[in-house]
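Participant: Pasting a structure here, questions to come.
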Amino acid sequence: MIVRPHPHPLSLLFILRGSIIHAIIGELVVVLGAAALITGFYHFRPMLFSGISLAPFTLLGLALSIFLGFRNNACYQRWWEARQQWGRLIAETRSFMRDLRAVLPDRDDRTRRLGRRIVGFAHALRCQLRGERVEAAQPWLPAGEWLGLAGLRGKPSEILNLQAQELADALRAGEITDILYRVFSERLATMGNIQAACERLQSTPTPFAYTLLLHRTAWLFCLLTPIGIVSTLGWLTPLATVVLAYAFFGLDALGQELQEPFERTANAVPLDALVRIIEISVLEALGETEIPEPLLPQDFVLL
Amino acid sequence: MIVRPHPHPLSLLFILRGSIIHAIIGELVVVLGAAALITGFYHFRPMLFSGISLAPFTLLGLALSIFLGFRNNACYQRWWEARQQWGRLIAETRSFMRDLRAVLPDRDDRTRRLGRRIVGFAHALRCQLRGERVEAAQPWLPAGEWLGLAGLRGKPSEILNLQAQELADALRAGEITDILYRVFSERLATMGNIQAACERLQSTPTPFAYTLLLHRTAWLFCLLTPIGIVSTLGWLTPLATVVLAYAFFGLDALGQELQEPFERTANAVPLDALVRIIEISVLEALGETEIPEPLLPQDFVLL
Amino acid sequence: MIVRPHPHPLSLLFILRGSIIHAIIGELVVVLGAAALITGFYHFRPMLFSGISLAPFTLLGLALSIFLGFRNNACYQRWWEARQQWGRLIAETRSFMRDLRAVLPDRDDRTRRLGRRIVGFAHALRCQLRGERVEAAQPWLPAGEWLGLAGLRGKPSEILNLQAQELADALRAGEITDILYRVFSERLATMGNIQAACERLQSTPTPFAYTLLLHRTAWLFCLLTPIGIVSTLGWLTPLATVVLAYAFFGLDALGQELQEPFERTANAVPLDALVRIIEISVLEALGETEIPEPLLPQDFVLL
Amino acid sequence: MIVRPHPHPLSLLFILRGSIIHAIIGELVVVLGAAALITGFYHFRPMLFSGISLAPFTLLGLALSIFLGFRNNACYQRWWEARQQWGRLIAETRSFMRDLRAVLPDRDDRTRRLGRRIVGFAHALRCQLRGERVEAAQPWLPAGEWLGLAGLRGKPSEILNLQAQELADALRAGEITDILYRVFSERLATMGNIQAACERLQSTPTPFAYTLLLHRTAWLFCLLTPIGIVSTLGWLTPLATVVLAYAFFGLDALGQELQEPFERTANAVPLDALVRIIEISVLEALGETEIPEPLLPQDFVLL
Amino acid sequence: MIVRPHPHPLSLLFILRGSIIHAIIGELVVVLGAAALITGFYHFRPMLFSGISLAPFTLLGLALSIFLGFRNNACYQRWWEARQQWGRLIAETRSFMRDLRAVLPDRDDRTRRLGRRIVGFAHALRCQLRGERVEAAQPWLPAGEWLGLAGLRGKPSEILNLQAQELADALRAGEITDILYRVFSERLATMGNIQAACERLQSTPTPFAYTLLLHRTAWLFCLLTPIGIVSTLGWLTPLATVVLAYAFFGLDALGQELQEPFERTANAVPLDALVRIIEISVLEALGETEIPEPLLPQDFVLL
């Protein structure tokens with residue numbers, strides 16, 4: 001996520017970091033070249049273009065705007081849902097710790113294990129979503145448990161299972177009643193729902209055919225438009241074409257980035273920073289003294 | 001569902017698999033033919049077209065864009081809701097197994113039956129939604145139960161009923177309290193809600209009159225547009241018409257595919273793979289040793 | 001609801017059943033007449049129209065498209081919410097029966113009364129929403145209860161009250177605990193919410209002023225447009241006007257139909273068929289032997 | 001709320017009641033005058049307007065359409081949420097009465113007080129939202145309670161508090177268990193949520209800057225457009241301008257009305273009628289014999 | 001939040017307070033200057049602009065409208081969600097106090113502490129969201145507790161923890177049952193969810209690349225458009241350009257303001273006034289006699 005104070009309106013024009021230009025510079029160069037070619041050709045054979053109007057290209061461009069608007073909306077919703085699910089996870093973690101500290105005897109071993117295991121869950125979920133190795137979860141679990149997870153695929157959900165078993169032990173030992181067991185069980189179920197929602201967002205992109213259809217229509221539009229405008233704009237044709245291509249390809253590329261909200265990219269959800277917030281919440285609740293610092297943006301980017 | 005790494009922007013132009021072109025090639029050929037006819041006719045009788053402007057066709061095209069945008073949004077929402085419901089089912093399954101293992105004695109017969117029956121439910125629901133025979137659920141149910149389901153219509157919901165009866169046996173036998181019975185009963189109710197939502201999506205397409213109205217307007221637009229643009233675009237007319245037809249019919253066909261999210265098509269929700277995830281979750285939770293592999297995309301397509 | 005396999009793309013052009021043309025044929029004829037008149041007048045006094053451009057009409061048409069898109073979205077949401085509520089009712093019914101069979105002694109009188117009364121509720125709600133007489137609920141209630149409902153307005157909610165009283169009897173008789181009473185009570189509350197949502201959809205159409213504003217703007221647009229296009233399109237004017245009128249009045253009429261989702265029309269929610277599904281679910285759950293068949297579409301229409 | 005059977009399509013053109021014309025007649029007259037002035041001026045100095053094209057005005061008009069579409073959507077959502085909250089209140093009232101009758105001894109004093117106090121809550125909420133004096137709630141509360149509410153600001157939420165205290169009395173007296181207390185407490189909490197949502201809708205209009213921006217842009221558009229179209233439309237200019245102003249100002253005014261859904265206006269939510277439905281539900285549930293009639297629309301308007 | 005009675009339609013044209021003009025006056029001046037320069041240049045070299053049509057600029061402008069519409073929708077949703085969360089907090093506070101008064105002995109020390117601590121939570125959350133020092137929460141907590149919060153980062157959530165511990169004390173002391181503990185615990189969890197949602201809205205702006213892309217496209221559009229319209233509009237060019245810039249930059253700036261709903265700006269959510277409502281609710285519920293007045297708008301602005 002890009003974090004920067006809202007800059008002065010004019011300086012917005014010269015910011016590169018966070019701009020989508022990096023992602024579409026190739027497209028812009030190709031379009032500029034094609035438009036320059038057509039403009040050159042026009043100066044040799046202006047008659048060929050004499051009667052061509054822009055109207056059909058306008059129509060295509062407007063249809064493309066509407067479809068890009070629709071797809072960007074879908075991609076933005078995905079990104080925002082990803083952020084909501086992680087915000088929800090922070091809240092659920094805090095609620096779990098709150099009830100834990102209130103109901104179980106303060107800061108004994110069981111409380112500590114139950115608290116640290118949630119951090120392990122958050123680390124395991126983060127690593128799974130980013131396609132990284134899940135070793136980060138290891139220090140937060142009791143020594144033996146990590147080994148038991150070795151062969152299993154769904155490490156995050158297995159950690160929730162261990163959590164439930166420890167709570168069931170407390171239930172059988174009479175430390176909590178069945179009502180209180182239910183309170184904790186509902187929290188774990190919500191965490192499981194969050195996990196499933198994140199996996200859904202990760203494994204199910206917007207339909208690939210949309211990406212294809214829109215990308216191709218954008219290319220067709222940008223390559224054909226110079227034919228339509230060269231007779232009226234003349235030497236301004238390449239400039240106008242590139243401005244249009246910047247708007248269309250830029251929005252297309254932004255949608256593409258946002259629809260993969262768990263990647264380690266500048267516009268994605270900052271999972272590292274969010275997991276750190278969970279660490280701090282749990283360690284403070286357990287009364288630990290060594291609390292790590294929150295992650296700060298590097299070069300305006302929080303990962 | 002089509003699963004492929006995001007390809008290089010330029011290679012996007014040449015991908016066929018996952019493209020909607022297969023579905024609309026017929027329409028494109030007809031439109032191309034009509035546009036070519038009109039262009040030919042124009043060369044014999046250019047006077048007939050002399051004063052015709054594109055403006056009314058532009059208007060029709062923009063109205064069509066807006067309406068197509070609206071319908072695609074509705075279809076996309078249906079597809080996404082279908083995926084959400086199945087993601088929810090995975091989460092509910094895991095939560096059910098988590099509470100089961102925590103509360104019931106570990107890995108006895110009842111736990112195994114309760115766990116395997118959920119997989120049976122998922123298989124039965126999948127087959128019903130895809131209009132296939134539900135035999136796939138049979139190996140997951142105790143031998144006698146499958147026979148008892150023979151004459152009944154609603155097999156998935158009947159499997160949930162069997163699940164509830166086994167839980168009620170546990171309640172009467174004093175293995176779980178009424179609070180814990182309620183925990184499980186809510187999970188089953190959520191699974192029932194998921195089933196009803198899937199049936200709703202399957203049995204209720206978007207209103208047929210929308211399909212008709214948009215399809216017809218798209219045809220009218222694509223067949224009439226060449227009349228409007230031939231006098232300004234000349235020999236470019238068939239090309240421009242086909243580009244427009246590609247955008248409009250393509251979006252129309254995509255909406256059509258997405259609105260039937262449970263079909264066995266490339267852009268549908270990959271039910272087979274999701275049921276396999278449920279199988280793995282349950283078998284791991286039951287401590288089984290033979291765990292099947294997750295399904296992998298064949299030719300970039302996951303079914 | 002119109003149920004038909006997705007027809008061949010070309011045959012879509014010739015389907016009448018389910019088309020919105022029936023509803024707007026009057027408007028189309030009037031618009032065609034007006035456009036023909038203006039075209040004729042143009043041939044006598046072409047000078048009057050010489051300088052008139054289409055631009056202001058285009059503007060009006062696009063504004064109209066956007067507003068129609070907005071209203072159709074609202075109407076579609078209403079229709080879809082109506083369908084969702086009834087899908088939810090089916091799920092709640094099944095969950096109610098599931099807990100009932102699991103918790104109460106199997107298939108005794110109380111279970112049967114509680115089950116059949118839900119079907120009575122569904123029939124009473126269906127009839128109220130369609131403005132029909134509620135006699136259809138009678139055979140599903142115990143003999144005396146129907147008489148007691150005679151003078152009361154809110155029959156569906158009164159049936160839910162009878163249901164609650166029978167459950168409270170079971171609570172007092174010690175057949176269920178207060179936790180289990182709460183499980184059933186929540187189901188009844190959800191059914192009450194569904195009822196209230198349906199009544200809201202029935203009694204609160206989209207604001208009448210929208211209907212007026214859009215309908216009038218559509219008329220103004222269709223009657224004025226020929227003035228703008230006759231000088232460029234000539235003899236094609238009536239055809240182009242009717243095509244535009246088809247798209248605009250068609251979408252307007254579709255929105256109008258969808259916004260009354262409980263009427264007995266081809267595009268409405270098929271309440272009869274959904275109530276039949278509830279009947280089947282309950283009767284199967286009660287172990288009855290005479291189970292009615294699901295309703296099938298007649299002439300592609302399910303009511 | 002305007003309640004009328006859907007009129008014949010053609011008669012829709014001549015309906016005044018419910019039309020938004022009343023609210024914008026002033027604007028239309030001003031716009032008509034300005035357009036007539038410009039048209040007159042054009043006949044004296046046609047040269048001044050000779051080269052002016054409509055294109056920049058078209059652009060402004062389309063941007064305005066899109067922004068108006070966005071704002072109307074937001075206003076419509078507010079209105080619909082207001083209606084949903086009150087529909088929810090009706091359902092919660094009925095559920096509260098259902099559990100009350102089922103669990104408490106039938107129709108004794110406590111049941112009657114608890115039932116009538118809900119009606120008092122609905123009246124107090126209605127009056128607060130409409131900025132009217134809350135005396136309407138008085139007859140529904142026990143004599144002494146009304147006096148105790150005298151100095152307090154938040155009468156509706158204080159009435160809910162009295163309700164909770166009476167339920168706590170029943171809990172302490174052993175008439176209900178803590179599980180059943182929780183059932184009722186959740187209902188009261190939902191009613192409190194409904195109250196807070198209504199207060200939010202009442203106290204937080206859409207941002208004032210939107211209203212200003214859109215209203216001013218609409219004025220600029222309507223006053224400048226005649227300059228652009230007078231050279232092509234001539235004597236049709238005032239007519240075309242008024243038609244456009246009707247569509248834009250009409251939609252603007254409709255959004256304005258809808259965004260204040262609790263006012264006593266024709267397009268607002270009919271709070272009086274909804275409170276009457278609550279009265280009838282409660283009185284029927286209490287077995288009273290004098291039940292008031294539902295409110296009927298006066299002159300097609302339900303308040 | 002700007003609070004003013006809806007002014008007379010014409011006076012809307014002259015209101016400055018609440019207008020977005022303050023924020024964009026710089027942009028308007030720059031655009032006006034550029035347009036004047038181009039117009040002047042045109043009078044010296046009209047030939048250079050002779051063939052240039054507005055069409056490509058129209059296309060850019062419409063695409064910009066659609067993208068601005070999409071972004072404004074996202075920003076408005078954020079602002080509205082912020083307001084919803086605080087409305088929900090008010091409702092949860094009242095529900096908490098309602099159950100507290102009903103279940104605990106009236107107005108003893110524990111009740112007072114539990115009530116006042118919620119106000120402390122609201123103050124701490126408000127200050128954190130606005131980036132102000134959290135001393136405002138101090139007077140609402142027992143003397144010792146404030147010191148204990150000194151070193152901790154997450155003061156709002158720590159206050160909720162203290163609340164939970166006091167409730168757990170009451171549970172252990174037998175003043176409430178575990179069912180009632182759960183009622184209160186769920187309220188605290190909801191407050192924690194509200195806090196997490198507010199933190200999410202505060203810490204996660206809409207993706208910065210959208211801001212950049214739209215702002216730059218708006219600049220490109222406003223600076224290039226005069227080139228396209230000067231040959232048809234002549235001396236009207238600067239006026240028309242400024243009107244367009246007003247609409248586009250105005251909407252852009254409004255979106256920017258709305259997306260930071262917790263700032264101390266005129267269009268933000270009035271946190272001070274909402275916390276005061278919570279204070280009043282709690283103090284009235286505790287039976288205090290000195291109740292502060294609600295905050296009133298200053299100069300039409302409520303902060």
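All residue names refer to the structure tokens as shown: chains lettered A, B, ... in order, residues numbered from 1 in each chain, ligands numbered from 1 in order.
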Enumerate as a ChimeraX atom specification the residues belonging to chain A that approach chain D to within 12 Å, with only C-alpha atoms taken into account.
Facilitator: /A:62,66,179
Participant: Would you list the contacts of A:Leu68 as a VMD selection string, taking every protein, DNA or RNA residue within 10 Å and counting only C-alpha atoms, but skipping same-chain residues closer than 2 positions in sequence?
Facilitator: (chain A and resid 62 to 66 70 to 74 210 to 211 214 to 215 218 248 to 249 251 to 252 255) or (chain B and resid 69) or (chain E and resid 63 66 to 67)
Participant: Nearest residue to C:Arg83 out of B:Arg200, B:Arg182, B:Arg216, B:Arg264, using only C-alpha atoms?
Facilitator: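 Closest residue, counting only C-alpha atoms: B:Arg200.
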Participant: Between atom CA of E:Phe208 and atom CA of D:Phe208, what is the distance, to one decimal in Å?
Facilitator: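 Taking atom CA of E:Phe208 and atom CA of D:Phe208, their separation equals 25.3 Å.
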Participant: What are the DSSP helix (DSSP H, G or I) residues of stretch 129-296 of chain C, as an NGL selection string?
Facilitator: :C and (129-130 or 134-140 or 143-148 or 155-172 or 178-203 or 208-258 or 271-285)
Participant: Could you give me, as an MDAnalysis selection string, the residues within 9 Å of stretch 40-48 of chain C, counting only C-alpha atoms and dropping anything in the same chain fewer than 4 positions from it?
Facilitator: chainID C and resid 35:36 52 227 230:231 234
Participant: If we count only C-alpha atoms, what is near D:Gln128 at a cut-off of 12 Å, once residues fewer than 4 positions away on the same chain are taken out, given as an mmCIF file with N, CA, C and O atoms, in the first residue's frame?
Facilitator:
data_model
loop_
_atom_site.group_PDB
_atom_site.id
_atom_site.type_symbol
_atom_site.label_atom_id
_atom_site.label_comp_id
_atom_site.auth_asym_id
_atom_site.auth_seq_id
_atom_site.Cartn_x
_atom_site.Cartn_y
_atom_site.Cartn_z
ATOM 1 N N PHE D 121 -42.888 3.098 21.630
ATOM 2 C CA PHE D 121 -41.567 3.307 21.039
ATOM 3 C C PHE D 121 -41.695 3.713 19.566
ATOM 4 O O PHE D 121 -41.031 4.658 19.107
ATOM 5 N N ALA D 122 -42.566 3.010 18.841
ATOM 6 C CA ALA D 122 -42.703 3.316 17.407
ATOM 7 C C ALA D 122 -43.219 4.737 17.212
ATOM 8 O O ALA D 122 -42.731 5.482 16.346
ATOM 9 N N HIS D 123 -44.212 5.133 18.037
ATOM 10 C CA HIS D 123 -44.732 6.500 17.915
ATOM 11 C C HIS D 123 -43.649 7.523 18.247
ATOM 12 O O HIS D 123 -43.489 8.528 17.552
ATOM 13 N N ALA D 124 -42.899 7.281 19.317
ATOM 14 C CA ALA D 124 -41.875 8.244 19.726
ATOM 15 C C ALA D 124 -40.815 8.369 18.646
ATOM 16 O O ALA D 124 -40.348 9.482 18.334
ATOM 17 N N GLU D 132 -41.776 16.156 15.058
ATOM 18 C CA GLU D 132 -43.058 16.515 15.646
ATOM 19 C C GLU D 132 -43.022 16.231 17.139
ATOM 20 O O GLU D 132 -42.133 15.546 17.637
ATOM 21 N N ARG D 133 -44.000 16.726 17.873
ATOM 22 C CA ARG D 133 -44.019 16.513 19.306
ATOM 23 C C ARG D 133 -44.385 15.057 19.597
ATOM 24 O O ARG D 133 -45.196 14.460 18.891
ATOM 25 N N VAL D 134 -43.784 14.497 20.625
ATOM 26 C CA VAL D 134 -43.927 13.055 20.833
ATOM 27 C C VAL D 134 -45.139 12.662 21.676
ATOM 28 O O VAL D 134 -45.202 11.553 22.182
ATOM 29 N N GLU D 135 -46.111 13.567 21.826
ATOM 30 C CA GLU D 135 -47.273 13.219 22.665
ATOM 31 C C GLU D 135 -47.995 11.968 22.185
ATOM 32 O O GLU D 135 -48.677 11.299 22.955
ATOM 33 N N ALA D 136 -47.864 11.636 20.895
ATOM 34 C CA ALA D 136 -48.573 10.469 20.377
ATOM 35 C C ALA D 136 -48.202 9.197 21.114
ATOM 36 O O ALA D 136 -48.963 8.225 21.122
ATOM 37 N N ALA D 137 -47.021 9.163 21.748
ATOM 38 C CA ALA D 137 -46.598 7.953 22.446
ATOM 39 C C ALA D 137 -47.278 7.805 23.795
ATOM 40 O O ALA D 137 -47.350 6.709 24.349
ATOM 41 N N ARG D 153 -33.967 13.675 26.750
ATOM 42 C CA ARG D 153 -33.895 13.923 25.319
ATOM 43 C C ARG D 153 -34.320 12.723 24.501
ATOM 44 O O ARG D 153 -35.208 12.787 23.665
ATOM 45 N N GLY D 154 -33.655 11.598 24.723
ATOM 46 C CA GLY D 154 -33.812 10.458 23.835
ATOM 47 C C GLY D 154 -35.001 9.614 24.251
ATOM 48 O O GLY D 154 -34.822 8.517 24.778
ATOM 49 N N LYS D 155 -36.212 10.109 24.007
ATOM 50 C CA LYS D 155 -37.378 9.372 24.488
ATOM 51 C C LYS D 155 -37.453 7.968 23.902
ATOM 52 O O LYS D 155 -37.715 7.020 24.638
ATOM 53 N N PRO D 156 -37.255 7.754 22.599
ATOM 54 C CA PRO D 156 -37.377 6.376 22.109
ATOM 55 C C PRO D 156 -36.428 5.410 22.822
ATOM 56 O O PRO D 156 -36.839 4.314 23.226
ATOM 57 N N SER D 157 -35.188 5.824 23.025
ATOM 58 C CA SER D 157 -34.286 4.839 23.633
ATOM 59 C C SER D 157 -34.603 4.694 25.115
ATOM 60 O O SER D 157 -34.389 3.634 25.697
ATOM 61 N N GLN D 195 -33.335 2.264 15.402
ATOM 62 C CA GLN D 195 -33.447 3.670 15.798
ATOM 63 C C GLN D 195 -32.174 4.441 15.397
ATOM 64 O O GLN D 195 -32.260 5.531 14.809
ATOM 65 N N ALA D 196 -31.012 3.864 15.707
ATOM 66 C CA ALA D 196 -29.763 4.566 15.393
ATOM 67 C C ALA D 196 -29.607 4.743 13.892
ATOM 68 O O ALA D 196 -29.136 5.789 13.414
ATOM 69 N N CYS D 198 -32.041 5.039 11.702
ATOM 70 C CA CYS D 198 -32.960 6.092 11.262
ATOM 71 C C CYS D 198 -32.401 7.461 11.634
ATOM 72 O O CYS D 198 -32.470 8.409 10.844
ATOM 73 N N GLU D 199 -31.866 7.587 12.839
ATOM 74 C CA GLU D 199 -31.286 8.874 13.236
ATOM 75 C C GLU D 199 -30.119 9.243 12.339
ATOM 76 O O GLU D 199 -29.919 10.411 11.995
ATOM 77 N N GLN D 202 -31.504 10.528 9.175
ATOM 78 C CA GLN D 202 -32.124 11.837 9.336
ATOM 79 C C GLN D 202 -31.067 12.925 9.510
ATOM 80 O O GLN D 202 -31.172 14.009 8.938
ATOM 81 N N SER D 203 -30.026 12.642 10.301
ATOM 82 C CA SER D 203 -29.108 13.712 10.669
ATOM 83 C C SER D 203 -27.967 13.875 9.677
ATOM 84 O O SER D 203 -27.258 14.872 9.726
ATOM 85 N N PHE D 262 -37.755 10.868 5.784
ATOM 86 C CA PHE D 262 -38.698 10.902 6.909
ATOM 87 C C PHE D 262 -39.544 12.170 6.934
ATOM 88 O O PHE D 262 -40.313 12.379 7.863
ATOM 89 N N GLU D 263 -39.358 13.039 5.934
ATOM 90 C CA GLU D 263 -40.203 14.222 5.858
ATOM 91 C C GLU D 263 -41.651 13.812 5.589
ATOM 92 O O GLU D 263 -41.925 12.687 5.189
ATOM 93 N N LEU D 271 -44.495 6.899 7.325
ATOM 94 C CA LEU D 271 -44.344 6.473 8.722
ATOM 95 C C LEU D 271 -45.681 6.301 9.439
ATOM 96 O O LEU D 271 -45.851 5.365 10.222
#
